[in-house]
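A.B. asks: Got a file for you: start-v5.txt, compact mmCIF, C-alpha atoms.
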# COMPACT_ATOMS: atom_id res chain seq x y z
CA MET A 1 0.00 0.00 0.00
CA ILE A 2 1.16 3.53 -0.79
CA ALA A 3 0.57 6.30 1.76
CA VAL A 4 0.65 10.00 0.91
CA ASP A 5 2.37 12.68 3.01
CA THR A 6 1.06 16.18 3.57
CA ASN A 7 3.29 17.96 1.07
CA ILE A 8 1.99 15.89 -1.84
CA LEU A 9 -1.59 16.59 -0.73
CA VAL A 10 -0.85 20.32 -0.59
CA TYR A 11 0.80 20.36 -4.03
CA ALA A 12 -2.10 18.42 -5.54
CA HIS A 13 -4.60 20.91 -4.10
CA ARG A 14 -2.84 24.24 -4.60
CA GLU A 15 -2.87 25.23 -8.27
CA ASP A 16 -0.22 27.88 -7.54
CA SER A 17 2.28 25.20 -6.52
CA ASP A 18 5.14 24.55 -8.94
CA SER A 19 4.49 20.84 -8.47
CA HIS A 20 0.70 21.03 -8.82
CA GLU A 21 0.26 19.34 -12.19
CA THR A 22 2.44 16.35 -11.34
CA ALA A 23 1.05 15.95 -7.81
CA TYR A 24 -2.52 16.30 -9.05
CA ARG A 25 -1.95 13.67 -11.74
CA ARG A 26 -0.23 11.23 -9.36
CA MET A 27 -2.98 11.64 -6.73
CA GLY A 28 -5.55 10.99 -9.46
CA GLU A 29 -3.75 7.76 -10.35
CA LEU A 30 -4.06 6.60 -6.75
CA ALA A 31 -7.64 7.76 -6.23
CA GLU A 32 -8.88 6.24 -9.48
CA GLY A 33 -6.75 3.10 -9.34
CA ARG A 34 -7.61 -0.37 -8.12
CA GLU A 35 -4.88 -0.63 -5.48
CA THR A 36 -5.47 0.33 -1.87
CA TRP A 37 -3.76 3.58 -0.89
CA ALA A 38 -3.68 5.58 2.32
CA ILE A 39 -3.52 8.96 3.95
CA PRO A 40 -2.45 9.12 7.60
CA TRP A 41 -4.98 11.12 9.65
CA PRO A 42 -2.25 13.49 10.91
CA CYS A 43 -1.56 14.41 7.26
CA VAL A 44 -5.22 15.32 6.76
CA HIS A 45 -5.05 17.60 9.80
CA GLU A 46 -1.78 19.16 8.67
CA PHE A 47 -3.11 19.63 5.11
CA LEU A 48 -6.07 21.61 6.44
CA ALA A 49 -3.82 23.73 8.67
CA ILE A 50 -1.36 24.53 5.88
CA VAL A 51 -3.63 25.32 2.94
CA THR A 52 -5.89 27.60 5.00
CA HIS A 53 -2.99 29.46 6.68
CA PRO A 54 -2.79 33.11 5.53
CA ARG A 55 0.95 33.36 6.26
CA ILE A 56 1.71 30.38 4.03
CA PHE A 57 -0.55 31.10 1.05
CA VAL A 58 -1.82 34.44 -0.21
CA PRO A 59 -4.64 33.97 -0.59
CA PRO A 60 -5.07 30.82 1.47
CA SER A 61 -7.56 28.18 0.45
CA THR A 62 -10.94 28.75 1.99
CA LEU A 63 -11.94 26.28 4.65
CA ALA A 64 -14.81 25.18 2.39
CA ALA A 65 -12.41 24.48 -0.50
CA ALA A 66 -10.02 22.57 1.75
CA ILE A 67 -12.85 20.48 3.19
CA ASP A 68 -14.18 19.81 -0.31
CA GLN A 69 -10.73 18.58 -1.31
CA VAL A 70 -10.52 16.17 1.62
CA GLU A 71 -14.02 14.91 0.85
CA ALA A 72 -13.04 14.34 -2.80
CA TRP A 73 -10.16 12.12 -1.65
CA LEU A 74 -12.48 10.33 0.77
CA GLU A 75 -14.73 9.39 -2.16
CA SER A 76 -12.02 7.10 -3.49
CA PRO A 77 -13.23 3.55 -2.76
CA THR A 78 -9.65 2.33 -2.37
CA LEU A 79 -8.57 4.92 0.22
CA VAL A 80 -7.70 3.86 3.76
CA LEU A 81 -7.19 6.42 6.52
CA LEU A 82 -4.38 5.47 8.88
CA ALA A 83 -5.14 5.97 12.55
CA GLU A 84 -3.50 5.04 15.81
CA THR A 85 -4.42 1.75 17.44
CA GLU A 86 -3.56 0.35 20.85
CA LEU A 87 -0.20 -0.75 19.39
CA HIS A 88 0.76 2.76 18.30
CA TRP A 89 2.83 3.73 21.33
CA MET A 90 5.14 0.71 21.01
CA ARG A 91 5.71 1.38 17.31
CA LEU A 92 6.17 5.13 17.84
CA ARG A 93 8.61 4.55 20.69
CA ASP A 94 10.69 2.23 18.49
CA VAL A 95 10.69 4.71 15.60
CA LEU A 96 11.67 7.61 17.90
CA LEU A 97 14.56 5.67 19.41
CA ALA A 98 15.81 4.19 16.13
CA GLY A 99 15.80 7.58 14.42
CA LYS A 100 17.02 9.52 17.48
CA VAL A 101 14.06 11.82 16.90
CA THR A 102 13.35 14.90 19.00
CA GLY A 103 11.55 18.20 18.60
CA PRO A 104 9.49 18.95 15.51
CA ARG A 105 10.53 15.71 13.80
CA VAL A 106 8.32 13.80 16.23
CA HIS A 107 5.47 14.55 13.81
CA ASP A 108 7.36 12.73 11.04
CA ALA A 109 8.02 9.84 13.40
CA ARG A 110 4.31 9.64 14.07
CA ILE A 111 3.65 9.32 10.33
CA ALA A 112 6.41 6.69 9.99
CA ALA A 113 4.98 4.72 12.92
CA LEU A 114 1.48 4.80 11.45
CA CYS A 115 2.82 3.59 8.11
CA ALA A 116 4.72 0.73 9.76
CA GLN A 117 1.74 -0.21 11.90
CA HIS A 118 -0.55 -0.46 8.86
CA GLY A 119 1.82 -2.26 6.49
CA VAL A 120 2.52 0.66 4.16
CA ARG A 121 5.18 -0.39 1.66
CA GLU A 122 5.90 3.13 0.38
CA LEU A 123 5.34 6.70 1.55
CA TRP A 124 5.01 9.34 -1.14
CA SER A 125 6.70 12.48 0.12
CA ALA A 126 8.98 15.28 -1.02
CA ASP A 127 10.26 15.61 2.57
CA ARG A 128 13.82 14.30 2.91
CA ASP A 129 13.50 14.12 6.70
CA PHE A 130 11.77 10.76 6.35
CA GLY A 131 15.14 9.33 5.33
CA ARG A 132 16.00 8.99 9.02
CA PHE A 133 13.52 6.10 9.25
CA PRO A 134 15.31 3.18 7.56
CA ASP A 135 12.31 0.83 7.71
CA LEU A 136 10.16 3.21 5.64
CA ALA A 137 10.57 3.31 1.86
CA VAL A 138 10.08 6.92 0.80
CA VAL A 139 9.46 7.85 -2.82
CA ASN A 140 9.13 11.35 -4.23
CA PRO A 141 6.38 10.92 -6.85
CA LEU A 142 7.17 14.34 -8.30
CA VAL A 143 10.47 13.26 -9.84
CA LYS A 144 10.93 10.75 -12.63
CA ALA A 145 12.55 7.45 -11.69
CA GLN A 146 16.11 7.18 -12.96
Show me this structure written as C-alpha cells.
C.D. replies:
Amino acid sequence: MIAVDTNILVYAHREDSDSHETAYRRMGELAEGRETWAIPWPCVHEFLAIVTHPRIFVPPSTLAAAIDQVEAWLESPTLVLLAETELHWMRLRDVLLAGKVTGPRVHDARIAALCAQHGVRELWSADRDFGRFPDLAVVNPLVKAQ
C-alpha cells in the first residue's frame, strides 16, 4: 500500500504550486486506481492547517475548498485512513529511538509509525527528513525514476 504525506496533498490541491500538475496527476492515479492507498490522519489535519494558513498562502484556500478537497479524496473507494491503534505507542517509541528523533521531527516519526503499523510499503513524500527512518521506503512521486 502507498501512503501520501502532507506535502503531496498540498501540491495536488494548490494550483499555484510549482508541483501542482504532477502531484494532481499522481494523486488521481491513486484515487482512481484499483490498489489500496492511504492517507495518515495526521496528514489530513496538517493539510487543512497549511492550505488555510494566511501566512503560508496568499490567498489561502478557503476552509470550504479545503474540506471539499478532503471529501473528494475520501470518495475514493480504495482509500484507507491510517489511525493510531492500541499498538501505536510501542511502534512510535521504536521509531523515535531508532531515528534519534526529538523536537518537531516527532510529527514525522508519528507518520512513519502509522505507516509501519498499517503495512505501508511506500510513503510518497517530497520531505527528505523521512530518510531517518530506515524501515520506511520513501518515494518522491514528483520526480521521474532514474
A.B. asks: Would you mind reading off the distance between atom CA of A:Arg25 and atom CA of A:Trp73, one decimal, in Å?
C.D. replies: 13.1 Å
A.B. asks: May I ask which of the residues A:Ala66, A:Met1, A:Val138, A:Ile56 is the closest one to A:Glu35, counting all atoms listed in the file?
C.D. replies: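 Going through A:Ala66, A:Met1, A:Val138, A:Ile56 one by one, the smallest distance to A:Glu35 is for A:Met1.
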A.B. asks: Using all atoms of stretch 84-97 of chain A listed in the file and a margin of 8 Å per side, can you give the axis-aligned box centre and edge lengths in Å to one decimal, as AutoDock Vina command-line options?
C.D. replies:
--center_x 5.1 --center_y 3.4 --center_z 18.5 --size_x 35.0 --size_y 24.4 --size_z 21.7
A.B. asks: Find the distance between atom CA of A:Pro40 and atom CA of A:Val120 and write it in Å to one decimal.
C.D. replies: 10.4 Å
A.B. asks: Under the rule that all atoms listed in the file are counted, which of A:Arg121, A:Arg91, A:Arg14, A:Arg105 is the nearest residue to A:Thr36?
C.D. replies: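 Among the listed residues, the smallest separation from A:Thr36 belongs to A:Arg121.
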A.B. asks: Between atom CA of A:Val95 and atom CA of A:Arg26, what is the distance in Å, rounded to a tenth?
C.D. replies: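 Between these atoms lies a distance of 28.0 Å.
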A.B. asks: Would you pick out the contacts of stretch 6-8 of chain A at 10 Å or less, using all atoms listed in the file, so that residues sharing its chain but fewer than 5 positions from it are not included, and give the list as a ChimeraX atom specification?
C.D. replies: /A:13,19-20,22-24,26-27,39-48,50,111,124-127,140-142
A.B. asks: Of the candidates A:Pro104, A:Pro77, A:Pro59, A:Gly28, which one gets nearest to A:Asp16 if we count only C-alpha atoms?
C.D. replies: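 Once distances to A:Asp16 are computed over only C-alpha atoms, the minimum belongs to A:Pro59.
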A.B. asks: When you count all atoms listed in the file, which of these residues is closest to A:Asp5: A:Lys100, A:His53, A:His107, A:Arg132?
C.D. replies: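 Between A:Lys100, A:His53, A:His107, A:Arg132, the residue approaching A:Asp5 most closely is A:His107.
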A.B. asks: For A:Ala116, which residue out of A:Ala49, A:Val70, A:Val58, A:Ala3 is the nearest one, using all atoms listed in the file?
C.D. replies: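 Checking each of A:Ala49, A:Val70, A:Val58, A:Ala3 against A:Ala116, counting all atoms listed in the file, the winner is A:Ala3.
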A.B. asks: Out of A:Pro60, A:Ala38, A:Glu29, A:Glu21, which residue has the shortest atom-to-atom distance to A:Leu82 when counting only C-alpha atoms?
C.D. replies: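 Of the candidates, the smallest distance to A:Leu82 is held by A:Ala38.
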